[in-house]
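Before any comments, here is the structure.
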Amino acid sequence: MDPQVYDRMAAVENAHWWFVARRRILSEVLRREVVLPRDARLLEAGCGTGGNLAMLAGFGEVCAFEPEPEARRRAVSKTGIEVRDGHLPERVPFGDGSFDLVAALDVLEHVKDDLGSLRALRRKLRPGGWILLTVPAFPFLWSRHDESHHHQRRYRRDDLLEVIAQAGLIPVKVTYFNSLLFPAIVGVRVARNLLGFEGADDDALPPPLLNRLLEIAFASERHLIGRAGLPLGVSLLAIARATGSDDVNGIEAHASKR
């Protein structure tokens, strides 16, 4: 990502509605959908400036890796959690079969080889381990935001299911989210694209009242995800499990039914 994006992220991720609400949603999804051992080990891939690490630490011992030195420094300073230098797909600095859960939260869209990256993360899982993914949804929402964040792609649900299956993982839950605000966000993105409007960065912190209202609206989806699949959304969320085998026969058929 552009260096200034990391600066903005570090400045707002404890207060911005999107970051705060997403953490509340992910925490609820982990609590309700994922069964982890009491002594669980968790890995966050591409942790950025560390905004998710404290939330993940509520579920076990957390480690992380991040390729950007300044982001890594900020994450360690903020949390005290071990954050190693690493890069997907070829340089994941932890041993295979070491973790009960790997989280890649808005990471796969940044790498050219998303399939190779997901396979690399799968190797870090213990048999039956879990992967938690979030990615941006729908190519037609491509905007200046994607360019400044150095995104390679946005995903449709079927795209994400396909890469999960090809990586040798069994999809447990794949759903859109950030759905209640979807019409408003689509309207803004499409209007900006049509008008060629550069405008302000859309990860800037809104005024306090608006920020709080957006947080409440987005976070309310935590009561729906896991109980009902959301048909549209600005993002996609996936939970998948390792099979303990490199043979993916049957997994694609399983994924195609979801």
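Letters for chains follow the order of the structure tokens (A, B, ...), residue numbers begin at 1 for each chain, and ligand numbers begin at 1 in the order shown.
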Test item, helix (DSSP H, G or I) assignment across stretch 85-130 of chain A, answer as a PyMOL selection string: chain A and resi 108-110+114-123
What are the nearest atom pairs, with distances in Å to one decimal, for all residues of stretch 33-116 of chain A that come at most 8 Å from stretch 144-151 of chain A, using only C-alpha atoms, set out by chain and rising residue number as CSV?
residue,atom,partner,partner_atom,distance
A:Glu109,CA,A:His151,CA,5.3
A:His110,CA,A:His151,CA,4.6
A:Val111,CA,A:His151,CA,7.6
Residues within 10 Å of A:Pro93, only C-alpha atoms, excluding chain neighbours under 2 positions, as a PyMOL selection string: chain A and resi 64-66+83-88+90-91+95-96+124
A:Ala240 environment, 9 Å, only C-alpha atoms, sequence neighbours closer than 5 positions dropped, as a list of chain:residue names: A:Gly129, A:Trp130, A:Ile131, A:Leu132, A:Leu133, A:Ile164, A:Leu169, A:Ile170, A:Pro171, A:Val172, A:Lys173, A:Val174
Would you put the residues from that selection into a file with C-alpha atoms, as a PDB file, in the first residue's frame?
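See again_15.pdb below for the written result:
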ATOM      1  CA  GLY A 129      -7.372 -25.921  11.503  1.00  0.00           C
ATOM      2  CA  TRP A 130      -9.355 -22.878  10.440  1.00  0.00           C
ATOM      3  CA  ILE A 131      -8.809 -19.991   8.043  1.00  0.00           C
ATOM      4  CA  LEU A 132     -10.684 -16.705   8.391  1.00  0.00           C
ATOM      5  CA  LEU A 133     -10.718 -14.484   5.304  1.00  0.00           C
ATOM      6  CA  ILE A 164     -10.635 -21.728  -1.399  1.00  0.00           C
ATOM      7  CA  LEU A 169      -9.678 -26.062   1.992  1.00  0.00           C
ATOM      8  CA  ILE A 170     -13.284 -26.909   2.817  1.00  0.00           C
ATOM      9  CA  PRO A 171     -15.516 -23.806   2.884  1.00  0.00           C
ATOM     10  CA  VAL A 172     -17.663 -23.643   6.009  1.00  0.00           C
ATOM     11  CA  LYS A 173     -19.204 -20.209   5.533  1.00  0.00           C
ATOM     12  CA  VAL A 174     -18.839 -17.747   2.650  1.00  0.00           C
TER      13      VAL A 174
END
Best match for closeness to A:Asp7 among A:Glu215, A:Glu82, A:Asp159, A:Glu70, counting only C-alpha atoms: A:Glu70
Find the residues near stretch 37-49 of chain A: any atom within 9 Å, counting only C-alpha atoms, skip ones fewer than 5 places away on the same chain, and give them as a CSV table (one decimal) with C-alpha atoms, in the first residue's frame.
chain,number,residue,atom,x,y,z
A,6,TYR,CA,-0.5,3.0,6.6
A,7,ASP,CA,-0.2,6.4,8.3
A,9,MET,CA,-4.7,3.4,9.1
A,10,ALA,CA,-2.6,3.8,12.2
A,13,GLU,CA,-8.2,2.2,13.1
A,56,LEU,CA,-7.6,-12.0,17.9
A,57,ALA,CA,-5.7,-12.3,21.2
A,59,PHE,CA,-9.1,-16.3,21.3
A,60,GLY,CA,-5.5,-17.6,22.0
A,61,GLU,CA,-1.9,-16.9,21.6
A,62,VAL,CA,-1.3,-14.6,18.5
A,63,CYS,CA,1.6,-14.2,16.2
A,64,ALA,CA,1.7,-12.2,13.0
A,65,PHE,CA,3.8,-11.2,10.0
A,66,GLU,CA,3.8,-8.1,7.8
A,67,PRO,CA,6.1,-7.1,4.9
A,68,GLU,CA,6.1,-3.3,5.5
A,70,GLU,CA,7.0,0.8,9.4
A,71,ALA,CA,3.6,-0.9,9.7
A,72,ARG,CA,5.4,-3.8,11.5
A,73,ARG,CA,7.0,-1.4,14.0
A,74,ARG,CA,3.7,0.3,14.7
A,75,ALA,CA,2.0,-3.1,15.3
A,76,VAL,CA,4.6,-4.2,17.8
A,78,LYS,CA,0.9,-0.9,19.8
A,83,VAL,CA,5.2,-9.5,14.4
A,86,GLY,CA,7.1,-11.9,6.0
A,87,HIS,CA,5.5,-11.9,2.6
A,88,LEU,CA,3.0,-14.0,0.7
A,92,VAL,CA,5.8,-17.0,5.6
A,98,SER,CA,1.9,-24.6,13.8
A,99,PHE,CA,-1.5,-22.8,14.1
A,100,ASP,CA,-5.2,-23.6,14.9
A,101,LEU,CA,-6.4,-20.5,13.0
A,102,VAL,CA,-4.9,-18.3,10.4
A,103,ALA,CA,-6.6,-14.9,9.7
A,104,ALA,CA,-6.0,-13.0,6.4
A,105,LEU,CA,-8.2,-9.9,6.7
A,106,ASP,CA,-8.3,-7.9,3.5
A,107,VAL,CA,-5.0,-9.4,2.4
A,121,LEU,CA,-1.3,-20.2,4.7
A,124,LYS,CA,0.7,-23.4,8.5
Shell around A:Gly233 at 10 Å using only C-alpha atoms, local window under 4 positions removed, as a list in words: Pro136, Ala137, Phe138, Thr175, Tyr176, Phe177, Asn178, Ser179, Leu180, Leu181, Phe182, Pro183, Ile185, Val186 and Leu237 of chain A
Between atom CA of A:Asp203 and atom CA of A:Leu141 - distance in Å to one decimal: 15.2 Å
Test item: residues at most 12 Å from A:Leu26, only C-alpha atoms, excluding those fewer than 2 positions along its chain, as a ChimeraX atom specification: /A:18-24,28-34,52-53,55-56,58-59,103-105,132-134,177-178,218-223,225-226,236-239
Strand (DSSP E) call set, DSSP backbone run, stretch 53-153 of chain A, as a ChimeraX atom specification: /A:61-65,83-84,99-105,125-136
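The nearest approach to A:Arg157 among the residues A:Ala120, A:Ile216, A:Leu125, A:Leu232, with only C-alpha atoms taken into account, belongs to A:Leu232.
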Between atom CA of A:Val5 and atom CA of A:Leu161 - distance in Å to one decimal: 28.9 Å
